[in-house]
>>> print(open('run-v3.csv').read())   # CSV, C-alpha atoms
chain,number,residue,atom,x,y,z
A,1,MET,CA,39.1,-23.0,81.4
A,2,GLU,CA,38.3,-26.3,79.5
A,3,GLU,CA,35.0,-24.9,78.4
A,4,ASN,CA,36.6,-21.7,77.0
A,5,PHE,CA,39.2,-23.8,75.2
A,6,ILE,CA,36.6,-26.0,73.6
A,7,GLU,CA,34.5,-23.0,72.6
A,8,HIS,CA,37.4,-21.4,70.8
A,9,LYS,CA,39.2,-24.7,69.8
A,10,GLU,CA,39.4,-23.7,66.1
A,11,LEU,CA,40.7,-20.3,66.9
A,12,PHE,CA,43.4,-21.6,69.2
A,13,GLU,CA,44.4,-24.1,66.5
A,14,HIS,CA,44.7,-21.3,64.0
A,15,LEU,CA,46.8,-19.2,66.4
A,16,GLY,CA,49.0,-22.1,67.3
A,17,ASN,CA,51.9,-21.2,65.1
A,18,LYS,CA,51.6,-17.5,64.6
A,19,GLN,CA,50.0,-14.3,66.1
A,20,THR,CA,48.7,-11.5,63.9
A,21,PRO,CA,47.1,-9.0,66.3
A,22,HIS,CA,45.6,-5.9,64.7
A,23,THR,CA,45.8,-3.7,67.8
A,24,LEU,CA,48.4,-2.8,70.4
A,25,PHE,CA,46.6,-2.2,73.7
A,26,ILE,CA,48.6,-0.2,76.3
A,27,GLY,CA,46.9,-0.3,79.6
A,28,CYS,CA,47.4,-0.1,83.4
A,29,SER,CA,48.3,-3.1,85.4
A,30,ASP,CA,45.3,-2.4,87.6
A,31,SER,CA,43.3,-5.7,88.1
A,32,ARG,CA,40.1,-3.9,87.2
A,33,VAL,CA,41.2,-3.1,83.7
A,34,VAL,CA,40.7,-6.2,81.5
A,35,PRO,CA,41.7,-5.4,77.9
A,36,ASN,CA,39.7,-8.2,76.1
A,37,LEU,CA,36.6,-7.4,78.2
A,38,ILE,CA,36.9,-3.7,77.5
A,39,THR,CA,37.4,-4.1,73.8
A,40,ASN,CA,35.2,-7.2,73.4
A,41,THR,CA,38.0,-9.0,71.5
A,42,LEU,CA,39.1,-12.6,71.1
A,43,PRO,CA,42.5,-14.2,71.8
A,44,GLY,CA,44.9,-13.2,69.1
A,45,GLU,CA,43.4,-9.8,68.3
A,46,LEU,CA,45.3,-7.7,70.9
A,47,PHE,CA,49.0,-7.4,71.7
A,48,VAL,CA,48.9,-6.1,75.3
A,49,VAL,CA,51.4,-4.0,77.2
A,50,ARG,CA,50.5,-3.2,80.8
A,51,ASN,CA,52.4,-1.2,83.4
A,52,ILE,CA,51.9,1.1,86.4
A,53,ALA,CA,49.6,4.0,85.2
A,54,ASN,CA,49.8,3.0,81.4
A,55,ILE,CA,52.8,5.2,80.9
A,56,VAL,CA,54.7,5.3,77.6
A,57,PRO,CA,58.2,6.7,77.9
A,58,HIS,CA,59.8,8.8,75.3
A,59,TYR,CA,61.6,6.5,72.8
A,60,ARG,CA,65.3,6.2,73.5
A,61,LEU,CA,68.2,3.8,73.0
A,62,VAL,CA,70.2,3.3,76.2
A,63,ASP,CA,72.1,0.6,78.0
A,64,GLU,CA,69.3,-0.5,80.4
A,65,TYR,CA,66.2,-2.7,80.4
A,66,LEU,CA,63.2,-1.1,78.7
A,67,ALA,CA,60.3,-3.5,78.9
A,68,THR,CA,57.5,-1.2,77.8
A,69,THR,CA,59.6,0.4,75.0
A,70,ALA,CA,60.7,-3.0,73.8
A,71,ALA,CA,57.1,-4.4,73.6
A,72,ILE,CA,55.8,-1.3,71.8
A,73,GLU,CA,58.8,-1.5,69.4
A,74,TYR,CA,58.1,-5.2,68.7
A,75,ALA,CA,54.4,-4.5,68.1
A,76,ILE,CA,55.0,-1.7,65.6
A,77,TYR,CA,57.9,-3.1,63.6
A,78,THR,CA,57.7,-6.9,63.9
A,79,LEU,CA,53.9,-7.5,64.3
A,80,GLU,CA,53.1,-4.4,62.2
A,81,ILE,CA,49.9,-3.7,64.1
A,82,LYS,CA,47.4,-1.3,62.6
A,83,ASN,CA,46.0,0.3,65.7
A,84,ILE,CA,47.4,1.5,69.0
A,85,ILE,CA,45.1,2.2,72.0
A,86,VAL,CA,46.5,3.9,75.2
A,87,CYS,CA,43.8,3.1,77.8
A,88,GLY,CA,43.9,5.0,81.1
A,89,HIS,CA,41.2,4.6,83.7
A,90,SER,CA,39.4,6.2,86.6
A,91,ASN,CA,40.7,5.9,90.2
A,92,CYS,CA,44.2,5.1,88.9
A,93,GLY,CA,46.5,4.3,91.9
A,94,GLY,CA,49.6,5.0,89.8
A,95,CYS,CA,48.4,8.5,88.9
A,96,GLU,CA,47.4,9.1,92.6
A,97,ALA,CA,50.8,7.9,93.8
A,98,LEU,CA,52.4,10.8,91.8
A,99,TYR,CA,51.2,13.1,94.6
A,100,GLN,CA,52.3,11.0,97.5
A,101,SER,CA,55.4,11.9,99.6
A,102,ASP,CA,58.8,10.2,99.1
A,103,GLU,CA,58.3,8.9,102.6
A,104,LYS,CA,55.1,7.1,101.7
A,105,LEU,CA,56.7,5.7,98.6
A,106,ALA,CA,59.9,4.6,100.5
A,107,THR,CA,59.0,0.9,100.2
A,108,THR,CA,58.4,1.2,96.4
A,109,PRO,CA,61.5,3.1,95.1
A,110,VAL,CA,61.2,1.6,91.6
A,111,VAL,CA,57.6,2.8,91.3
A,112,ARG,CA,58.7,6.2,92.4
A,113,LYS,CA,61.4,6.3,89.8
A,114,TRP,CA,58.9,5.1,87.1
A,115,LEU,CA,56.5,7.9,88.0
A,116,LEU,CA,59.2,10.5,87.4
A,117,ILE,CA,58.5,10.0,83.7
A,118,ILE,CA,55.2,11.9,84.3
A,119,GLU,CA,56.5,14.4,86.9
A,120,ASN,CA,55.8,17.2,84.4
A,121,ILE,CA,52.1,16.4,84.6
A,122,LYS,CA,52.1,16.8,88.3
A,123,LYS,CA,53.7,20.3,88.0
A,124,GLU,CA,51.1,21.3,85.4
A,125,VAL,CA,48.1,20.0,87.5
A,126,LEU,CA,49.3,21.7,90.7
A,127,LYS,CA,49.4,25.1,88.9
A,128,ASP,CA,45.7,25.2,89.9
A,129,LYS,CA,46.0,25.9,93.6
A,130,ASP,CA,42.3,25.3,94.2
A,131,ILE,CA,42.0,22.0,92.5
A,132,THR,CA,40.0,19.3,94.4
A,133,PRO,CA,41.3,15.7,94.9
A,134,ALA,CA,38.6,14.4,92.6
A,135,LYS,CA,39.4,16.9,89.8
A,136,ARG,CA,43.1,16.4,90.3
A,137,ALA,CA,42.7,12.6,89.7
A,138,TRP,CA,40.5,13.1,86.6
A,139,VAL,CA,42.8,15.7,85.0
A,140,THR,CA,46.0,13.7,85.8
A,141,GLU,CA,44.6,10.5,84.3
A,142,ARG,CA,43.7,12.3,81.1
A,143,LEU,CA,46.9,14.3,80.8
A,144,ASN,CA,48.8,11.1,81.3
A,145,ILE,CA,47.0,9.5,78.4
A,146,ILE,CA,47.8,12.5,76.1
A,147,ASN,CA,51.4,12.4,77.2
A,148,SER,CA,51.7,8.7,76.3
A,149,LEU,CA,50.1,9.4,72.9
A,150,GLN,CA,52.7,12.1,72.3
A,151,ASN,CA,55.6,9.8,73.4
A,152,ILE,CA,54.4,7.0,71.0
A,153,MET,CA,55.0,9.5,68.2
A,154,THR,CA,58.7,9.7,69.1
A,155,PHE,CA,59.1,6.1,68.0
A,156,PRO,CA,60.9,6.0,64.6
A,157,GLY,CA,58.6,6.2,61.6
A,158,VAL,CA,55.4,6.4,63.7
A,159,ILE,CA,54.4,9.9,62.5
A,160,ASP,CA,54.9,8.8,58.8
A,161,LYS,CA,52.7,5.7,59.5
A,162,LEU,CA,50.0,7.9,61.0
A,163,LYS,CA,50.1,10.3,58.1
A,164,SER,CA,49.8,7.5,55.5
A,165,GLY,CA,47.0,5.8,57.4
A,166,GLU,CA,49.0,2.6,58.0
A,167,LEU,CA,48.6,3.2,61.8
A,168,LYS,CA,45.8,4.7,63.9
A,169,LEU,CA,46.2,6.0,67.4
A,170,TYR,CA,43.6,6.2,70.1
A,171,GLY,CA,43.6,7.5,73.7
A,172,TRP,CA,40.8,6.1,75.9
A,173,HIS,CA,39.8,7.0,79.4
A,174,TYR,CA,37.9,4.0,80.9
A,175,ILE,CA,35.5,4.8,83.7
A,176,ILE,CA,35.5,1.7,86.0
A,177,GLU,CA,32.3,2.6,87.9
A,178,THR,CA,30.1,2.9,84.8
A,179,GLY,CA,32.0,1.1,82.0
A,180,GLU,CA,32.0,4.3,79.9
A,181,LEU,CA,34.8,5.0,77.5
A,182,TYR,CA,36.0,8.5,76.5
A,183,ASN,CA,38.1,8.8,73.4
A,184,TYR,CA,40.6,11.6,72.9
A,185,ASP,CA,39.9,13.9,69.9
A,186,ASP,CA,43.2,15.4,68.8
A,187,LYS,CA,41.4,18.0,66.7
A,188,THR,CA,39.4,19.5,69.5
A,189,LYS,CA,41.9,18.5,72.3
A,190,THR,CA,39.0,17.0,74.3
A,191,PHE,CA,37.8,13.6,75.4
A,192,LYS,CA,34.5,12.6,73.9
A,193,LEU,CA,32.2,9.9,75.2
A,194,LEU,CA,31.9,6.9,73.0
A,195,GLU,CA,28.1,6.3,72.9
A,196,LYS,CA,27.0,2.7,73.5
A,197,SER,CA,23.7,0.9,73.4
A,198,ILE,CA,24.0,-2.7,74.7
A,199,ASN,CA,27.7,-3.1,74.1
A,200,TYR,CA,30.6,-1.6,72.2
A,201,ASP,CA,30.4,-3.9,69.1
A,202,GLU,CA,29.4,-0.9,66.9
A,203,ILE,CA,32.3,1.2,68.2
A,204,TYR,CA,34.9,-1.4,67.5
A,205,SER,CA,33.5,-2.1,64.0
A,206,GLN,CA,34.0,1.6,63.3
A,207,ILE,CA,37.4,1.9,64.9
A,208,PHE,CA,39.0,-1.4,63.8
A,209,THR,CA,38.1,-1.0,60.1
A,210,ASP,CA,39.0,-3.9,57.8
A,211,PHE,CA,39.3,-6.4,60.6
>>> encode(input="run-v3.csv", output="structure tokens")
Amino acid sequence: MEENFIEHKELFEHLGNKQTPHTLFIGCSDSRVVPNLITNTLPGELFVVRNIANIVPHYRLVDEYLATTAAIEYAIYTLEIKNIIVCGHSNCGGCEALYQSDEKLATTPVVRKWLLIIENIKKEVLKDKDITPAKRAWVTERLNIINSLQNIMTFPGVIDKLKSGELKLYGWHYIIETGELYNYDDKTKTFKLLEKSINYDEIYSQIFTDF
């Protein structure tokens, strides 16, 4: 820890009084998903929101506690971030729990309630009566990313920011076993592999333009 601090001493001193992250990273709470390692970024570059299954709820104002919505709202309107990444991943336990019985989820009622946000994805996936467990997981993870992207666009003013170029939106599917990243292409409605050589430096320089 001390070595890391010394290495980035000037950076931490610069960040001491203010944060100016360029990107909001919305990821799963899974311990295998480490935002700064995946994006090869330094402290101060990412504003991070993590929850079970990287779910973004539809924007709403209600009299309850909305941690994920509050964090996204703060990032967009207070920090004025320029990029939003929704990063799902392979072998997601949250997405898999969507198909577990109420009995199995009896000890985690809050998790079960949270997963109701993506219940529509479960219904869509199960339309395929012959789907294998592996394909079910893959499809669910990707539909969940797309659903979160769509819900981000329900936040006030986001669509206008996207149209003007003030804000860029990305949907990533991170493959834990290989380190591969697939990016959602809204034009073709498909996930495309982000090619890499030694690391992702080139990818980020292309994505995070002007930073």
>>> closest_residue(input="run-v3.csv", among="A:Leu126, A:Glu73, A:Ile145, A:His89", to="Gly157 of chain A", atoms="all atoms listed in the file")
A:Glu73
>>> closest_residue(input="run-v3.csv", among="A:Leu116, A:His58, A:Ser29, A:Val49", to="Thr154 of chain A", atoms="all atoms listed in the file")
A:His58
>>> residues_near_point(input="run-v3.csv", point="(47.2, -7.6, 77.3)", cutoff="9 Å", atoms="only C-alpha atoms", output="MDAnalysis selection string")
chainID A and resid 24:27 34:36 46:50
>>> write_last_selection(input="run-v3.csv", atoms="C-alpha atoms", output="PDB file, in the coordinates of the input")
ATOM      1  CA  LEU A  24      48.400  -2.800  70.400  1.00  0.00           C
ATOM      2  CA  PHE A  25      46.600  -2.200  73.700  1.00  0.00           C
ATOM      3  CA  ILE A  26      48.600  -0.200  76.300  1.00  0.00           C
ATOM      4  CA  GLY A  27      46.900  -0.300  79.600  1.00  0.00           C
ATOM      5  CA  VAL A  34      40.700  -6.200  81.500  1.00  0.00           C
ATOM      6  CA  PRO A  35      41.700  -5.400  77.900  1.00  0.00           C
ATOM      7  CA  ASN A  36      39.700  -8.200  76.100  1.00  0.00           C
ATOM      8  CA  LEU A  46      45.300  -7.700  70.900  1.00  0.00           C
ATOM      9  CA  PHE A  47      49.000  -7.400  71.700  1.00  0.00           C
ATOM     10  CA  VAL A  48      48.900  -6.100  75.300  1.00  0.00           C
ATOM     11  CA  VAL A  49      51.400  -4.000  77.200  1.00  0.00           C
ATOM     12  CA  ARG A  50      50.500  -3.200  80.800  1.00  0.00           C
TER      13      ARG A  50
END
>>> atom_distance(input="run-v3.csv", atom1="atom CA of Asp186 of chain A", atom2="atom CA of Ile159 of chain A")
14.0 Å
>>> closest_residue(input="run-v3.csv", among="A:Ile117, A:Val111, A:Val56, A:Leu42", to="Thr69 of chain A", atoms="only C-alpha atoms")
A:Val56
>>> closest_residue(input="run-v3.csv", among="A:Gln19, A:Asn120, A:Thr140, A:Asn183", to="Leu79 of chain A", atoms="all atoms listed in the file")
A:Gln19
>>> atom_distance(input="run-v3.csv", atom1="atom CA of Leu115 of chain A", atom2="atom CA of Lys189 of chain A")
23.9 Å
>>> residues_around(input="run-v3.csv", residues="Glu166 of chain A", least_positions_apart="2", cutoff="10 Å", atoms="only C-alpha atoms", output="PyMOL selection string")
chain A and resi 80-83+158+160-164+168
>>> closest_residue(input="run-v3.csv", among="A:Val139, A:Leu66, A:Ile176, A:Ile118", to="Asn54 of chain A", atoms="only C-alpha atoms")
A:Ile118
>>> atom_distance(input="run-v3.csv", atom1="atom CA of Ala97 of chain A", atom2="atom CA of Tyr170 of chain A")
24.8 Å
>>> residues_near_point(input="run-v3.csv", point="(43.7, -5.3, 64.1)", cutoff="6 Å", atoms="all atoms listed in the file", output="list in words")
Pro21, His22, Thr23, Lys82 and Phe211 of chain A
>>> closest_residue(input="run-v3.csv", among="A:Pro133, A:Cys87, A:Arg112, A:Arg60", to="Thr39 of chain A", atoms="only C-alpha atoms")
A:Cys87
>>> residues_around(input="run-v3.csv", residues="segment 100-103 of chain A", least_positions_apart="3", cutoff="12 Å", atoms="all atoms listed in the file", output="NGL selection string")
:A and (93-97 or 106-113 or 115-116 or 119 or 122)
>>> build_atoms(input="run-v3.csv", residues="segment 105-121 of chain A", atoms="N, CA, C and O atoms", output="PDB file, keeping the file's coordinate frame")
ATOM      1  N   LEU A 105      56.318   6.570  99.691  1.00  0.00           N
ATOM      2  CA  LEU A 105      56.700   5.700  98.600  1.00  0.00           C
ATOM      3  C   LEU A 105      58.096   5.019  98.885  1.00  0.00           C
ATOM      4  O   LEU A 105      58.681   4.417  97.993  1.00  0.00           O
ATOM      5  N   ALA A 106      58.533   5.107 100.128  1.00  0.00           N
ATOM      6  CA  ALA A 106      59.900   4.600 100.500  1.00  0.00           C
ATOM      7  C   ALA A 106      60.000   3.093 100.237  1.00  0.00           C
ATOM      8  O   ALA A 106      61.086   2.603  99.924  1.00  0.00           O
ATOM      9  N   THR A 107      58.911   2.363 100.378  1.00  0.00           N
ATOM     10  CA  THR A 107      59.000   0.900 100.200  1.00  0.00           C
ATOM     11  C   THR A 107      58.860   0.512  98.704  1.00  0.00           C
ATOM     12  O   THR A 107      59.010  -0.666  98.366  1.00  0.00           O
ATOM     13  N   THR A 108      58.577   1.490  97.838  1.00  0.00           N
ATOM     14  CA  THR A 108      58.400   1.200  96.400  1.00  0.00           C
ATOM     15  C   THR A 108      59.308   2.183  95.586  1.00  0.00           C
ATOM     16  O   THR A 108      58.791   2.972  94.795  1.00  0.00           O
ATOM     17  N   PRO A 109      60.619   2.143  95.777  1.00  0.00           N
ATOM     18  CA  PRO A 109      61.500   3.100  95.100  1.00  0.00           C
ATOM     19  C   PRO A 109      61.500   2.955  93.572  1.00  0.00           C
ATOM     20  O   PRO A 109      61.683   3.949  92.864  1.00  0.00           O
ATOM     21  N   VAL A 110      61.270   1.748  93.070  1.00  0.00           N
ATOM     22  CA  VAL A 110      61.200   1.600  91.600  1.00  0.00           C
ATOM     23  C   VAL A 110      59.974   2.210  91.033  1.00  0.00           C
ATOM     24  O   VAL A 110      60.010   2.815  89.953  1.00  0.00           O
ATOM     25  N   VAL A 111      58.878   2.093  91.753  1.00  0.00           N
ATOM     26  CA  VAL A 111      57.600   2.800  91.300  1.00  0.00           C
ATOM     27  C   VAL A 111      57.838   4.271  91.310  1.00  0.00           C
ATOM     28  O   VAL A 111      57.447   4.958  90.362  1.00  0.00           O
ATOM     29  N   ARG A 112      58.463   4.788  92.357  1.00  0.00           N
ATOM     30  CA  ARG A 112      58.700   6.200  92.400  1.00  0.00           C
ATOM     31  C   ARG A 112      59.559   6.698  91.258  1.00  0.00           C
ATOM     32  O   ARG A 112      59.285   7.736  90.650  1.00  0.00           O
ATOM     33  N   LYS A 113      60.575   5.929  90.927  1.00  0.00           N
ATOM     34  CA  LYS A 113      61.400   6.300  89.800  1.00  0.00           C
ATOM     35  C   LYS A 113      60.629   6.235  88.491  1.00  0.00           C
ATOM     36  O   LYS A 113      60.778   7.115  87.642  1.00  0.00           O
ATOM     37  N   TRP A 114      59.760   5.233  88.336  1.00  0.00           N
ATOM     38  CA  TRP A 114      58.900   5.100  87.100  1.00  0.00           C
ATOM     39  C   TRP A 114      58.019   6.317  86.974  1.00  0.00           C
ATOM     40  O   TRP A 114      57.853   6.841  85.876  1.00  0.00           O
ATOM     41  N   LEU A 115      57.453   6.787  88.071  1.00  0.00           N
ATOM     42  CA  LEU A 115      56.500   7.900  88.000  1.00  0.00           C
ATOM     43  C   LEU A 115      57.199   9.238  87.680  1.00  0.00           C
ATOM     44  O   LEU A 115      56.531  10.201  87.300  1.00  0.00           O
ATOM     45  N   LEU A 116      58.513   9.279  87.800  1.00  0.00           N
ATOM     46  CA  LEU A 116      59.200  10.500  87.400  1.00  0.00           C
ATOM     47  C   LEU A 116      59.055  10.816  85.941  1.00  0.00           C
ATOM     48  O   LEU A 116      59.208  11.963  85.510  1.00  0.00           O
ATOM     49  N   ILE A 117      58.691   9.798  85.153  1.00  0.00           N
ATOM     50  CA  ILE A 117      58.500  10.000  83.700  1.00  0.00           C
ATOM     51  C   ILE A 117      57.327  11.002  83.508  1.00  0.00           C
ATOM     52  O   ILE A 117      57.337  11.760  82.529  1.00  0.00           O
ATOM     53  N   ILE A 118      56.350  11.022  84.422  1.00  0.00           N
ATOM     54  CA  ILE A 118      55.200  11.900  84.300  1.00  0.00           C
ATOM     55  C   ILE A 118      55.215  13.049  85.321  1.00  0.00           C
ATOM     56  O   ILE A 118      54.173  13.618  85.650  1.00  0.00           O
ATOM     57  N   GLU A 119      56.377  13.359  85.856  1.00  0.00           N
ATOM     58  CA  GLU A 119      56.500  14.400  86.900  1.00  0.00           C
ATOM     59  C   GLU A 119      56.034  15.764  86.295  1.00  0.00           C
ATOM     60  O   GLU A 119      55.488  16.605  87.021  1.00  0.00           O
ATOM     61  N   ASN A 120      56.222  15.965  84.988  1.00  0.00           N
ATOM     62  CA  ASN A 120      55.800  17.200  84.400  1.00  0.00           C
ATOM     63  C   ASN A 120      54.281  17.402  84.440  1.00  0.00           C
ATOM     64  O   ASN A 120      53.782  18.532  84.513  1.00  0.00           O
ATOM     65  N   ILE A 121      53.546  16.298  84.437  1.00  0.00           N
ATOM     66  CA  ILE A 121      52.100  16.400  84.600  1.00  0.00           C
ATOM     67  C   ILE A 121      51.692  16.861  85.944  1.00  0.00           C
ATOM     68  O   ILE A 121      50.805  17.703  86.097  1.00  0.00           O
TER      69      ILE A 121
END
